[in-house]
Structure formats: structure tokens, C-alpha cells
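Content type TSV, C-alpha atoms and all ligand atoms, from the file final.tsv:
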```tsv
chain	number	residue	atom	x	y	z
A	1	MET	CA	-59.31	29.71	-20.09
A	2	SER	CA	-58.08	31.28	-16.87
A	3	ASN	CA	-55.27	29.79	-14.80
A	4	GLN	CA	-53.96	30.32	-11.26
A	5	TYR	CA	-52.40	33.64	-12.29
A	6	THR	CA	-55.56	35.25	-13.69
A	7	MET	CA	-56.81	37.99	-11.35
A	8	GLN	CA	-60.42	37.45	-10.39
A	9	ASP	CA	-62.88	37.61	-7.49
A	10	PRO	CA	-62.17	34.60	-5.24
A	11	THR	CA	-65.75	34.58	-3.95
A	12	THR	CA	-67.06	33.77	-7.41
A	13	GLN	CA	-64.05	31.97	-8.89
A	14	TYR	CA	-65.81	28.67	-8.23
A	15	THR	CA	-69.43	27.81	-7.55
A	16	LYS	CA	-71.03	27.77	-4.10
A	17	ALA	CA	-72.42	24.44	-2.94
A	18	GLY	CA	-76.10	23.67	-3.57
A	19	PRO	CA	-78.52	20.71	-3.50
A	20	GLU	CA	-76.62	19.09	-6.39
A	21	PHE	CA	-73.65	18.63	-4.02
A	22	GLN	CA	-75.64	16.04	-2.03
A	23	GLN	CA	-74.37	12.66	-3.24
A	24	GLN	CA	-72.83	9.53	-1.80
A	25	GLN	CA	-70.36	6.90	-2.97
A	26	GLN	CA	-68.68	3.93	-1.31
A	27	GLU	CA	-65.24	4.61	0.22
A	28	PRO	CA	-62.75	5.48	-1.32
A	29	GLY	CA	-64.93	6.83	-4.16
A	30	LEU	CA	-64.08	8.03	-7.63
A	31	GLN	CA	-63.63	11.66	-8.57
A	32	LYS	CA	-64.87	10.97	-12.11
A	33	LYS	CA	-68.29	10.00	-10.70
A	34	MET	CA	-68.72	13.26	-8.73
A	35	ASN	CA	-71.10	16.02	-9.78
A	36	PRO	CA	-69.72	18.62	-10.22
A	37	VAL	CA	-66.36	17.01	-10.98
A	38	PRO	CA	-63.77	18.77	-8.79
A	39	ASP	CA	-61.26	21.06	-10.50
A	40	THR	CA	-57.90	19.37	-10.05
A	41	GLY	CA	-56.11	21.74	-12.40
A	42	GLU	CA	-56.34	19.84	-15.69
A	43	ASP	CA	-57.42	23.02	-17.51
A	44	THR	CA	-56.45	25.62	-14.93
A	45	TYR	CA	-52.93	24.92	-13.60
A	46	GLN	CA	-50.06	26.39	-15.58
A	47	GLY	CA	-46.51	25.35	-14.69
A	48	THR	CA	-43.49	27.64	-14.91
A	49	GLY	CA	-40.58	25.30	-14.12
A	50	ARG	CA	-40.54	25.85	-10.36
A	51	LEU	CA	-39.64	22.18	-9.63
A	52	THR	CA	-37.52	21.40	-12.65
A	53	GLY	CA	-35.81	18.01	-12.34
A	54	ARG	CA	-37.20	17.18	-8.89
A	55	LYS	CA	-38.26	13.67	-7.92
A	56	ALA	CA	-41.48	13.48	-5.93
A	57	ILE	CA	-43.79	11.03	-4.18
A	58	VAL	CA	-47.43	12.07	-3.88
A	59	THR	CA	-49.88	9.95	-1.87
A	60	GLY	CA	-53.60	10.08	-2.59
A	61	ALA	CA	-52.52	11.11	-6.10
A	62	ASP	CA	-55.56	9.73	-7.94
A	63	SER	CA	-58.14	12.29	-6.83
A	64	GLY	CA	-58.85	15.51	-5.01
A	65	ILE	CA	-55.96	17.46	-3.51
A	66	GLY	CA	-53.30	14.78	-4.16
A	67	ARG	CA	-54.30	14.64	-7.82
A	68	ALA	CA	-54.06	18.44	-8.12
A	69	VAL	CA	-50.65	18.30	-6.45
A	70	ALA	CA	-49.40	15.53	-8.79
A	71	ILE	CA	-50.55	17.47	-11.86
A	72	ALA	CA	-49.00	20.71	-10.58
A	73	PHE	CA	-45.69	19.05	-9.62
A	74	ALA	CA	-45.41	17.48	-13.08
A	75	ARG	CA	-46.24	20.75	-14.85
A	76	GLU	CA	-43.57	22.44	-12.69
A	77	GLY	CA	-41.04	19.90	-13.97
A	78	ALA	CA	-41.02	17.05	-11.42
A	79	ASP	CA	-41.15	13.29	-11.99
A	80	VAL	CA	-43.75	11.68	-9.75
A	81	VAL	CA	-44.40	8.38	-7.96
A	82	LEU	CA	-48.17	8.15	-7.56
A	83	SER	CA	-49.68	6.32	-4.56
A	84	TYR	CA	-53.38	5.41	-4.39
A	85	MET	CA	-55.63	2.46	-3.59
A	86	PRO	CA	-56.20	-0.32	-6.15
A	87	GLU	CA	-59.96	0.54	-6.30
A	88	GLU	CA	-59.02	3.99	-7.59
A	89	GLU	CA	-57.31	2.80	-10.78
A	90	GLU	CA	-59.78	4.63	-13.06
A	91	ASP	CA	-58.98	8.02	-11.54
A	92	ALA	CA	-55.27	7.19	-11.29
A	93	LYS	CA	-54.99	6.29	-14.99
A	94	GLN	CA	-56.04	9.82	-15.91
A	95	VAL	CA	-53.39	11.32	-13.60
A	96	LEU	CA	-50.71	9.03	-15.01
A	97	LYS	CA	-51.56	10.28	-18.50
A	98	LEU	CA	-51.59	13.95	-17.40
A	99	VAL	CA	-48.15	13.65	-15.80
A	100	GLN	CA	-46.81	12.02	-18.97
A	101	GLU	CA	-48.42	14.73	-21.11
A	102	ALA	CA	-46.48	17.26	-19.03
A	103	GLY	CA	-43.34	15.52	-20.31
A	104	ARG	CA	-42.47	13.92	-16.98
A	105	THR	CA	-42.10	10.36	-15.69
A	106	ALA	CA	-45.05	8.93	-13.76
A	107	ILE	CA	-44.80	5.69	-11.79
A	108	ALA	CA	-48.06	4.31	-10.43
A	109	ILE	CA	-47.88	2.13	-7.32
A	110	PRO	CA	-51.30	1.24	-5.94
A	111	GLY	CA	-51.38	-0.17	-2.41
A	112	ASP	CA	-52.44	0.25	1.19
A	113	LEU	CA	-50.68	2.97	3.20
A	114	LYS	CA	-51.68	1.21	6.42
A	115	ASP	CA	-48.94	-1.27	5.52
A	116	GLU	CA	-45.42	-0.15	6.49
A	117	GLU	CA	-43.81	-2.27	3.76
A	118	TYR	CA	-45.89	-0.56	1.10
A	119	CYS	CA	-44.74	2.85	2.39
A	120	GLU	CA	-41.12	1.70	2.19
A	121	GLN	CA	-41.74	0.36	-1.31
A	122	LEU	CA	-42.85	3.82	-2.47
A	123	VAL	CA	-39.57	5.36	-1.35
A	124	ASP	CA	-37.51	2.45	-2.76
A	125	THR	CA	-39.22	2.88	-6.11
A	126	ALA	CA	-38.50	6.61	-6.23
A	127	VAL	CA	-34.87	5.98	-5.34
A	128	LYS	CA	-34.39	3.12	-7.84
A	129	GLN	CA	-36.54	4.27	-10.74
A	130	LEU	CA	-36.43	8.07	-10.49
A	131	GLY	CA	-32.90	8.20	-9.08
A	132	GLY	CA	-33.78	9.74	-5.71
A	133	ILE	CA	-36.42	11.50	-3.65
A	134	ASP	CA	-36.49	15.32	-3.27
A	135	ILE	CA	-40.14	15.90	-2.42
A	136	LEU	CA	-42.51	13.84	-0.27
A	137	ALA	CA	-46.10	15.11	-0.34
A	138	ASN	CA	-48.22	13.13	2.13
A	139	VAL	CA	-51.73	13.95	0.96
A	140	ALA	CA	-53.68	10.69	1.42
A	141	GLY	CA	-56.14	10.67	4.29
A	142	LYS	CA	-59.13	8.90	5.78
A	143	GLN	CA	-62.20	10.75	7.11
A	144	GLN	CA	-65.40	8.96	8.18
A	145	PHE	CA	-67.83	10.74	10.47
A	146	VAL	CA	-69.16	8.99	13.61
A	147	PRO	CA	-71.49	11.10	15.80
A	148	ASP	CA	-71.12	9.09	19.03
A	149	ILE	CA	-67.89	7.86	20.66
A	150	ALA	CA	-69.86	4.76	21.72
A	151	ASP	CA	-70.03	3.78	18.03
A	152	LEU	CA	-66.40	4.60	17.22
A	153	THR	CA	-64.76	1.18	17.04
A	154	THR	CA	-61.13	0.48	17.80
A	155	LYS	CA	-60.73	-0.73	14.19
A	156	HIS	CA	-62.09	2.56	12.86
A	157	PHE	CA	-59.89	4.61	15.19
A	158	ASP	CA	-56.90	2.47	14.23
A	159	ASP	CA	-57.53	2.75	10.49
A	160	THR	CA	-57.78	6.54	10.69
A	161	PHE	CA	-54.55	6.78	12.67
A	162	LYS	CA	-52.73	4.24	10.47
A	163	THR	CA	-53.69	6.09	7.30
A	164	ASN	CA	-53.25	9.67	8.48
A	165	VAL	CA	-50.44	9.45	11.04
A	166	TYR	CA	-48.53	6.14	10.79
A	167	ALA	CA	-48.20	6.22	6.99
A	168	MET	CA	-46.81	9.77	7.23
A	169	PHE	CA	-44.35	8.58	9.89
A	170	TRP	CA	-43.27	5.53	7.86
A	171	LEU	CA	-42.89	7.54	4.65
A	172	CYS	CA	-40.96	10.36	6.33
A	173	LYS	CA	-38.70	7.84	8.06
A	174	ALA	CA	-37.91	6.02	4.82
A	175	ALA	CA	-37.54	9.20	2.73
A	176	VAL	CA	-35.29	11.19	5.08
A	177	LYS	CA	-32.57	8.50	4.73
A	178	HIS	CA	-32.30	9.31	1.02
A	179	MET	CA	-33.05	13.03	0.92
A	180	GLN	CA	-30.33	15.48	-0.11
A	181	PRO	CA	-30.13	19.06	1.22
A	182	GLY	CA	-32.82	21.12	-0.49
A	183	SER	CA	-35.42	18.38	-0.19
A	184	ALA	CA	-38.88	19.07	1.20
A	185	ILE	CA	-41.61	17.16	3.00
A	186	ILE	CA	-45.15	18.50	2.90
A	187	ASN	CA	-47.80	16.92	5.14
A	188	THR	CA	-51.54	17.55	5.02
A	189	SER	CA	-53.43	18.70	8.08
A	190	SER	CA	-56.86	20.38	8.19
A	191	ILE	CA	-58.87	23.19	9.75
A	192	GLN	CA	-60.12	20.25	11.87
A	193	ALA	CA	-56.84	20.42	13.81
A	194	TYR	CA	-58.08	23.63	15.50
A	195	ASN	CA	-61.85	23.62	14.91
A	196	PRO	CA	-62.69	19.96	15.46
A	197	SER	CA	-66.20	18.83	14.54
A	198	PRO	CA	-67.85	16.66	17.20
A	199	ILE	CA	-68.53	13.99	14.57
A	200	LEU	CA	-64.86	13.80	13.48
A	201	LEU	CA	-63.24	12.90	16.80
A	202	ASP	CA	-60.65	10.48	15.42
A	203	TYR	CA	-59.95	12.40	12.20
A	204	ALA	CA	-59.55	15.80	13.87
A	205	THR	CA	-57.18	14.27	16.41
A	206	THR	CA	-54.95	12.88	13.64
A	207	LYS	CA	-54.82	16.29	11.98
A	208	ALA	CA	-53.58	17.97	15.18
A	209	ALA	CA	-50.99	15.17	15.45
A	210	ILE	CA	-49.83	15.89	11.89
A	211	ASN	CA	-49.21	19.57	12.72
A	212	THR	CA	-47.21	18.71	15.83
A	213	PHE	CA	-45.28	15.84	14.20
A	214	SER	CA	-44.26	18.22	11.42
A	215	LYS	CA	-43.06	20.95	13.77
A	216	SER	CA	-40.94	18.42	15.66
A	217	LEU	CA	-39.51	16.68	12.58
A	218	ALA	CA	-38.78	20.05	10.95
A	219	GLN	CA	-36.36	20.87	13.77
A	220	GLN	CA	-34.86	17.38	13.77
A	221	VAL	CA	-33.93	17.40	10.05
A	222	ALA	CA	-33.20	21.13	9.58
A	223	GLY	CA	-29.48	20.45	10.00
A	224	LYS	CA	-29.64	18.03	7.05
A	225	GLY	CA	-31.05	20.82	4.86
A	226	ILE	CA	-34.49	19.18	4.71
A	227	ARG	CA	-37.58	21.31	5.29
A	228	VAL	CA	-40.88	20.00	6.65
A	229	ASN	CA	-44.11	21.98	6.26
A	230	VAL	CA	-47.84	21.43	6.30
A	231	VAL	CA	-50.82	22.50	4.24
A	232	ALA	CA	-54.07	22.72	6.22
A	233	PRO	CA	-57.06	22.87	3.86
A	234	GLY	CA	-60.54	23.99	4.81
A	235	PRO	CA	-63.62	22.54	3.07
A	236	VAL	CA	-62.49	21.33	-0.34
A	237	TRP	CA	-64.72	19.55	-2.86
A	238	THR	CA	-63.21	16.04	-3.16
A	239	PRO	CA	-64.29	12.36	-2.99
A	240	LEU	CA	-63.39	12.27	0.73
A	241	GLN	CA	-66.48	14.38	1.46
A	242	VAL	CA	-68.96	12.20	-0.46
A	243	VAL	CA	-67.85	8.79	0.87
A	244	GLY	CA	-68.85	9.38	4.48
A	245	GLY	CA	-66.55	12.28	5.37
A	246	GLN	CA	-69.70	14.32	6.14
A	247	PRO	CA	-73.39	13.48	6.46
A	248	GLU	CA	-74.88	13.74	2.97
A	249	GLU	CA	-77.46	16.36	4.00
A	250	VAL	CA	-74.85	18.98	5.01
A	251	LEU	CA	-73.10	18.88	1.61
A	252	LYS	CA	-75.58	21.34	0.10
A	253	GLU	CA	-74.03	23.98	2.36
A	254	PHE	CA	-70.46	22.71	2.12
A	255	GLY	CA	-68.05	25.62	2.58
A	256	ALA	CA	-70.84	28.19	3.06
A	257	SER	CA	-69.64	29.20	6.52
A	258	THR	CA	-66.15	30.22	5.36
A	259	PRO	CA	-65.54	33.97	4.87
A	260	LEU	CA	-65.24	33.36	1.10
A	261	GLY	CA	-68.62	31.61	1.25
A	262	ARG	CA	-67.90	28.61	-0.95
A	263	PRO	CA	-65.97	25.33	-0.91
A	264	GLY	CA	-62.42	25.33	-2.18
A	265	GLN	CA	-61.35	23.28	-5.18
A	266	PRO	CA	-58.30	20.98	-5.15
A	267	ALA	CA	-56.64	23.14	-7.82
A	268	GLU	CA	-56.57	25.97	-5.28
A	269	MET	CA	-54.55	23.83	-2.85
A	270	ALA	CA	-51.84	22.81	-5.33
A	271	PRO	CA	-49.94	26.15	-5.37
A	272	ALA	CA	-49.42	25.90	-1.60
A	273	TYR	CA	-47.71	22.50	-2.02
A	274	VAL	CA	-45.65	23.78	-4.96
A	275	PHE	CA	-44.48	26.78	-2.92
A	276	LEU	CA	-43.50	24.62	0.07
A	277	ALA	CA	-41.74	22.10	-2.21
A	278	SER	CA	-39.74	24.66	-4.15
A	279	GLN	CA	-36.66	26.61	-3.12
A	280	GLU	CA	-38.84	29.76	-2.96
A	281	SER	CA	-39.74	28.73	0.60
A	282	SER	CA	-36.08	28.14	1.56
A	283	TYR	CA	-36.39	29.86	4.98
A	284	ILE	CA	-39.73	28.31	5.88
A	285	SER	CA	-39.86	25.09	7.89
A	286	GLY	CA	-42.18	23.75	10.58
A	287	GLU	CA	-44.93	26.02	9.21
A	288	THR	CA	-48.58	25.26	8.53
A	289	LEU	CA	-50.04	27.06	5.53
A	290	ASN	CA	-53.78	27.34	5.99
A	291	ALA	CA	-55.74	27.28	2.74
A	292	ASN	CA	-59.25	27.43	4.12
A	293	GLY	CA	-61.27	30.24	2.58
A	294	GLY	CA	-60.33	32.77	5.21
A	295	THR	CA	-61.33	31.08	8.48
A	296	PRO	CA	-59.13	32.40	11.33
A	297	THR	CA	-56.57	29.96	12.73
A	298	PRO	CA	-54.44	30.02	15.90
B	1	LIG	P1	-59.55	12.27	-1.75
B	1	LIG	O1	-60.55	11.24	-1.41
B	1	LIG	O2	-59.50	12.73	-3.14
B	1	LIG	O3	-58.10	11.81	-1.37
B	1	LIG	C1	-57.79	10.95	-0.30
B	1	LIG	C2	-56.92	9.86	-0.87
B	1	LIG	O4	-56.34	9.14	0.21
B	1	LIG	C3	-57.66	8.83	-1.70
B	1	LIG	O5	-57.72	9.20	-3.06
B	1	LIG	C4	-56.81	7.57	-1.49
B	1	LIG	O6	-55.98	7.35	-2.60
B	1	LIG	C5	-55.95	7.91	-0.31
B	1	LIG	N1	-56.03	6.88	0.73
B	1	LIG	C6	-56.92	6.80	1.75
B	1	LIG	N2	-56.69	5.68	2.44
B	1	LIG	C7	-55.64	5.05	1.87
B	1	LIG	C8	-54.93	3.85	2.14
B	1	LIG	N3	-55.24	3.07	3.19
B	1	LIG	N4	-53.93	3.49	1.30
B	1	LIG	C9	-53.60	4.27	0.25
B	1	LIG	N5	-54.22	5.42	-0.04
B	1	LIG	C10	-55.23	5.80	0.77
B	1	LIG	O7	-59.82	13.49	-0.74
B	1	LIG	P2	-58.99	14.83	-0.42
B	1	LIG	O8	-59.96	15.70	0.27
B	1	LIG	O9	-58.29	15.34	-1.59
B	1	LIG	O10	-57.96	14.35	0.68
B	1	LIG	C11	-56.60	14.66	0.63
B	1	LIG	C12	-56.11	15.15	1.98
B	1	LIG	O11	-56.68	16.42	2.27
B	1	LIG	C13	-56.46	14.24	3.17
B	1	LIG	O12	-55.33	14.13	4.01
B	1	LIG	C14	-57.54	15.02	3.88
B	1	LIG	O13	-57.58	14.73	5.24
B	1	LIG	C15	-57.09	16.44	3.60
B	1	LIG	N6	-58.12	17.45	3.80
B	1	LIG	C16	-59.20	17.48	2.99
B	1	LIG	C17	-60.18	18.44	3.20
B	1	LIG	C18	-61.39	18.51	2.33
B	1	LIG	O14	-62.31	19.27	2.65
B	1	LIG	N7	-61.48	17.78	1.24
B	1	LIG	C19	-60.03	19.38	4.23
B	1	LIG	C20	-58.92	19.32	5.03
B	1	LIG	C21	-57.96	18.35	4.81
B	2	MG	MG	-59.30	8.88	-4.55
```
Write the structure described by the file as C-alpha cells, please.
Amino acid sequence: MSNQYTMQDPTTQYTKAGPEFQQQQQEPGLQKKMNPVPDTGEDTYQGTGRLTGRKAIVTGADSGIGRAVAIAFAREGADVVLSYMPEEEEDAKQVLKLVQEAGRTAIAIPGDLKDEEYCEQLVDTAVKQLGGIDILANVAGKQQFVPDIADLTTKHFDDTFKTNVYAMFWLCKAAVKHMQPGSAIINTSSIQAYNPSPILLDYATTKAAINTFSKSLAQQVAGKGIRVNVVAPGPVWTPLQVVGGQPEEVLKEFGASTPLGRPGQPAEMAPAYVFLASQESSYISGETLNANGGTPTP
């Protein structure tokens, strides 16, 4: 079985999308019900101790990119607090087991990130039960397409901003108080921050906000020895895309317009988070690492 170090052709490393990619689930969806099931690194991510002894919070840790990040962090030696929604327990249980199999502590705390108290509870739990917080990976996100601004309700707009922007703000605010020098925050933006789709008005706007928030906070906390960076994925095969993130009919061509010609898999995002969390990126802060199949970015 190959892992992230095996040299191979990235255009054929994973399958292109096809008609079988057209599927729909109710939000937030379960990764285990997807066909094909995304690769979140279970059989492909090999750790080498790059985060030994670190204490991490990962949001959206049950599925997709957050799940790949949680698995990678654990295999690199970190203990992890896992945030996800109560409806996602089935996916989350598998991640809990995988973190434990990596020999690390996993603490599952389902809840709603739109609630400030829940965000604070995540940080409190890391501090009390893991003994601190060195890494905050804000991966959770909400994406629901709406073609016409006339149909974009205030509630919808609010929910997208609460999930994508406010939760990041609340978690960063709570975590920074406890972070020691050497700690890292990694937020999750998107290619949508620069190439917004007309049907993702609210979502794309939050992703631009995440980039700018991170560049500002990075400067604010640099003196404390805390680094803040961003990963900006392109089209990645995850539940988000099959629960109303895109119209079902476009999924058969998902990722086809990228230079690499295929969708990314969550396992291909995890190394970017590991790099930005580890001391290897010690002189990098306020940066956005684009992991998007080769699409040019500003
Ligand atoms: P995903 O559905 O696997 O993960 C999103 C997670 O967000 C869910 O599992 C859920 O646990 C969490 N979440 C959403 N609302 C929540 C709430 N109110 N409370 C608690 N948790 C909540 O999909 P993904 O694609 O892996 O998404 C991860 C991140 O990647 C998101 O920020 C998304 O915007 C970003 N992203 C994804 C793509 C892509 O193509 N998949 C592209 C660019 C950016
Ligand atoms: Mg999920």
C-alpha cells in the first residue's frame, strides 16, 4: 500500500469524478455512506513523529478534511479533541478509534459550533483533560448553494457566517489565552475566497474573511510565539459536496477543471495542516497554503 511519501503521478493518484459521484444526502451527511468513500488517510497516511506530544483541537473531525487531519495529527504523535455534530456520531466513532489505535488520547465532544459556549468548552476540555492546547485546526465549515440572492435568507447567511467565521473567532479567542510559544492555529479557507462561484455568495465571502482574519491575527499574536496560517483547498471529495454544497448534476465533473484534472482527496490535505502545525514551518505565519490541484491563486 502506498502512503504520502510514495512517488507517483498526481494526475492518476486518485480517480477522476464520473456519474457515480452524483449522490445526495441530508446535511451534515455521513462519509461512510458516500460512494466512493473519500480517502481520509486510514490506509495511506504514515506518521513520523512530527507532532510528538502536542495537544490539538480539530473541528469537523468526523469526516472529510477534518477527519484526515485528526488521523494525521494522531499518527504524528498528538492527542486530539474531536469536534463534530451529534448527527455525525457514526463517522466520529471511527475517528476516535483510529486516534486511539495510533496510541494517542482522543476526546470526542459533539456540539454546535454556532454556540460560543460550546467553542469555549472545546478549549476548556483540551486544557483540563489534555493539559493544554498547542494546535487549533479550525476545519469545520458550512456550504449550501443558493443560485439567487433573493432566496438567500438571513438565517442561512447567519448560519454560514456563524459556522465558518464566528466559531473560528471564538475558538481562536479562547485558545490564544492558553497557548504557549510554539503553538499554531490553522484555519481553513477555500479557492472560493478568490474564485467565488455565483451560487456560493455567502460561503465564498466567509472564506475571504477567513484569509484576512488569519493575516491580521497572525501579526497580533506573533509576539507571543503563536503562528496562524491557513489551508485553502480546491475541490475535495467530502460530505460537504453531497449535502447541498453543489448541485448534484455537477458532481460528475467535480474537480475536472483543475490542472490536475481530478478532485482532491482529504488525505491529500492533511500534510499541509501537519506542516503548518509543526515546528518545520517556524518562520511561516499569516500564510495561505493553497492545496487545489494547481489552479492559480493571487
Ligand atoms: P465535511 O462535511 O466532511 O466537513 C465539514 C464538517 O463541519 C462536518 O463534518 C461537521 O462536523 C462540521 N460542522 C458544520 N457545521 C457545524 C456546526 N454548526 N457545529 C459543529 N460542526 C459543524 O466537509 P469538508 O469538505 O471536509 O469540509 C472541511 C472544510 O474544508 C470546510 O471548512 C470547508 O469549507 C473546507 N473546504 C472544502 C472544500 C471541498 O471541496 N470539500 C474546498 C475548500 C474548502
Ligand atoms: Mg461530517
**Asked** Could you pull the residues within 12 Å of Leu276 in chain A, counting all atoms listed in the file, minus those fewer than 2 positions along the same chain, as a PyMOL selection string?
**Response** chain A and resi 50-51+69+73+135-137+182-188+226-231+269-274+278-289
**Asked** Could you state the separation of CA of Gln180 in chain A and CA of Gln121 in chain A in Å, given to one decimal place?
**Response** 19.0 Å
**Prompt:** Within 10 Å of ligand MG 2 (chain B), counting all atoms listed in the file, which protein or nucleic acid residues do you find, written as a PyMOL selection string?
**Reply:** chain A and resi 27-32+59-67+83-92+140-141+238-240
**Asked** Of the candidates A:Lys177, A:Lys155, A:Lys142, A:Lys114, which one gets nearest to Thr206 in chain A if we count only C-alpha atoms?
**Response**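 Going through A:Lys177, A:Lys155, A:Lys142, A:Lys114 one by one, the smallest distance to Thr206 in chain A is for A:Lys142.
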**Prompt:** By how many Å are CA of Glu76 in chain A and CA of Gln8 in chain A apart?
**Reply:**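 Distance between the two atoms: 22.7 Å.
Here the selection is built from all atoms listed in the file, and the residues within 9 Å of (-54.2, 3.6, 9.3) turn out to be Asp112, Leu113, Lys114, Asp115, Gly141, Lys142, His156, Phe157, Asp158, Asp159, Thr160, Phe161, Lys162, Thr163, Asn164, Val165, Tyr166 and Ala167 of chain A.
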**Prompt:** Which distance in Å separates CA of Thr6 in chain A and CA of Pro235 in chain A, to one decimal?
**Reply:** 22.5 Å
**Request:** May I ask which of the residues A:Pro296, A:Gly225, A:Gly103, A:Pro247 is the closest one to Leu260 in chain A, counting all atoms listed in the file?
**Result:**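 Comparing A:Pro296, A:Gly225, A:Gly103, A:Pro247 against Leu260 in chain A, the winner is A:Pro296.
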Show me a table, sorted first by chain and then by increasing residue number, of the residues of range 76-163 of chain A having an atom at most 12 Å from range 34-44 of chain A, each with its shortest atom pair and the distance in Å to one decimal, counting all atoms listed in the file and written as a Markdown table.
```
| residue | atom | partner | partner_atom | distance |
| --- | --- | --- | --- | --- |
| A:Asp91 | CA | A:Met34 | CA | 11.4 |
| A:Gln94 | CA | A:Glu42 | CA | 10.0 |
| A:Val95 | CA | A:Glu42 | CA | 9.3 |
| A:Lys97 | CA | A:Glu42 | CA | 11.1 |
| A:Leu98 | CA | A:Glu42 | CA | 7.8 |
| A:Val99 | CA | A:Glu42 | CA | 10.3 |
| A:Glu101 | CA | A:Glu42 | CA | 10.9 |
| A:Ala102 | CA | A:Glu42 | CA | 10.7 |
```
Go ahead and save the residues from that selection, with C-alpha atoms, as a PDB file, in the frame of the given file.
```
ATOM      1  CA  ASP A  91     -58.980   8.020 -11.540  1.00  0.00           C
ATOM      2  CA  GLN A  94     -56.040   9.820 -15.910  1.00  0.00           C
ATOM      3  CA  VAL A  95     -53.390  11.320 -13.600  1.00  0.00           C
ATOM      4  CA  LYS A  97     -51.560  10.280 -18.500  1.00  0.00           C
ATOM      5  CA  LEU A  98     -51.590  13.950 -17.400  1.00  0.00           C
ATOM      6  CA  VAL A  99     -48.150  13.650 -15.800  1.00  0.00           C
ATOM      7  CA  GLU A 101     -48.420  14.730 -21.110  1.00  0.00           C
ATOM      8  CA  ALA A 102     -46.480  17.260 -19.030  1.00  0.00           C
TER       9      ALA A 102
END
```
**Prompt:** How would you write as a PyMOL selection string the residues that get within 12 Å of (-69.5, 28.1, -8.5) in the file's frame, counting only C-alpha atoms?
**Reply:** chain A and resi 9-18+20-21+36-39+237+254-256+260-265
Selection to disk with C-alpha atoms, as a PDB file, in the frame of the given file:
```pdb
ATOM      1  CA  ASP A   9     -62.880  37.610  -7.490  1.00  0.00           C
ATOM      2  CA  PRO A  10     -62.170  34.600  -5.240  1.00  0.00           C
ATOM      3  CA  THR A  11     -65.750  34.580  -3.950  1.00  0.00           C
ATOM      4  CA  THR A  12     -67.060  33.770  -7.410  1.00  0.00           C
ATOM      5  CA  GLN A  13     -64.050  31.970  -8.890  1.00  0.00           C
ATOM      6  CA  TYR A  14     -65.810  28.670  -8.230  1.00  0.00           C
ATOM      7  CA  THR A  15     -69.430  27.810  -7.550  1.00  0.00           C
ATOM      8  CA  LYS A  16     -71.030  27.770  -4.100  1.00  0.00           C
ATOM      9  CA  ALA A  17     -72.420  24.440  -2.940  1.00  0.00           C
ATOM     10  CA  GLY A  18     -76.100  23.670  -3.570  1.00  0.00           C
ATOM     11  CA  GLU A  20     -76.620  19.090  -6.390  1.00  0.00           C
ATOM     12  CA  PHE A  21     -73.650  18.630  -4.020  1.00  0.00           C
ATOM     13  CA  PRO A  36     -69.720  18.620 -10.220  1.00  0.00           C
ATOM     14  CA  VAL A  37     -66.360  17.010 -10.980  1.00  0.00           C
ATOM     15  CA  PRO A  38     -63.770  18.770  -8.790  1.00  0.00           C
ATOM     16  CA  ASP A  39     -61.260  21.060 -10.500  1.00  0.00           C
ATOM     17  CA  TRP A 237     -64.720  19.550  -2.860  1.00  0.00           C
ATOM     18  CA  PHE A 254     -70.460  22.710   2.120  1.00  0.00           C
ATOM     19  CA  GLY A 255     -68.050  25.620   2.580  1.00  0.00           C
ATOM     20  CA  ALA A 256     -70.840  28.190   3.060  1.00  0.00           C
ATOM     21  CA  LEU A 260     -65.240  33.360   1.100  1.00  0.00           C
ATOM     22  CA  GLY A 261     -68.620  31.610   1.250  1.00  0.00           C
ATOM     23  CA  ARG A 262     -67.900  28.610  -0.950  1.00  0.00           C
ATOM     24  CA  PRO A 263     -65.970  25.330  -0.910  1.00  0.00           C
ATOM     25  CA  GLY A 264     -62.420  25.330  -2.180  1.00  0.00           C
ATOM     26  CA  GLN A 265     -61.350  23.280  -5.180  1.00  0.00           C
TER      27      GLN A 265
END
```
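Shortest atom-to-atom contact with ligand LIG 1 (chain B) among A:Pro198, A:Pro110, A:Gly49, A:Pro147: A:Pro110, counting only C-alpha atoms and all ligand atoms.
Closest approach to ligand LIG 1 (chain B) among A:Lys215, A:Lys33, A:Lys224, A:Lys173 is made by A:Lys33 (distances from only C-alpha atoms and all ligand atoms).
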**Request:** Could you give me, as a PyMOL selection string, the residues within 8 Å of Tyr194 in chain A, counting all atoms listed in the file and dropping anything in the same chain fewer than 6 positions from it?
**Result:** chain A and resi 208+297-298
Can you spit out the residues from that selection as a PDB file, in the coordinates of the input, using C-alpha atoms?
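Result file again_7.pdb:
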```pdb
ATOM      1  CA  ALA A 208     -53.580  17.970  15.180  1.00  0.00           C
ATOM      2  CA  THR A 297     -56.570  29.960  12.730  1.00  0.00           C
ATOM      3  CA  PRO A 298     -54.440  30.020  15.900  1.00  0.00           C
TER       4      PRO A 298
END
```
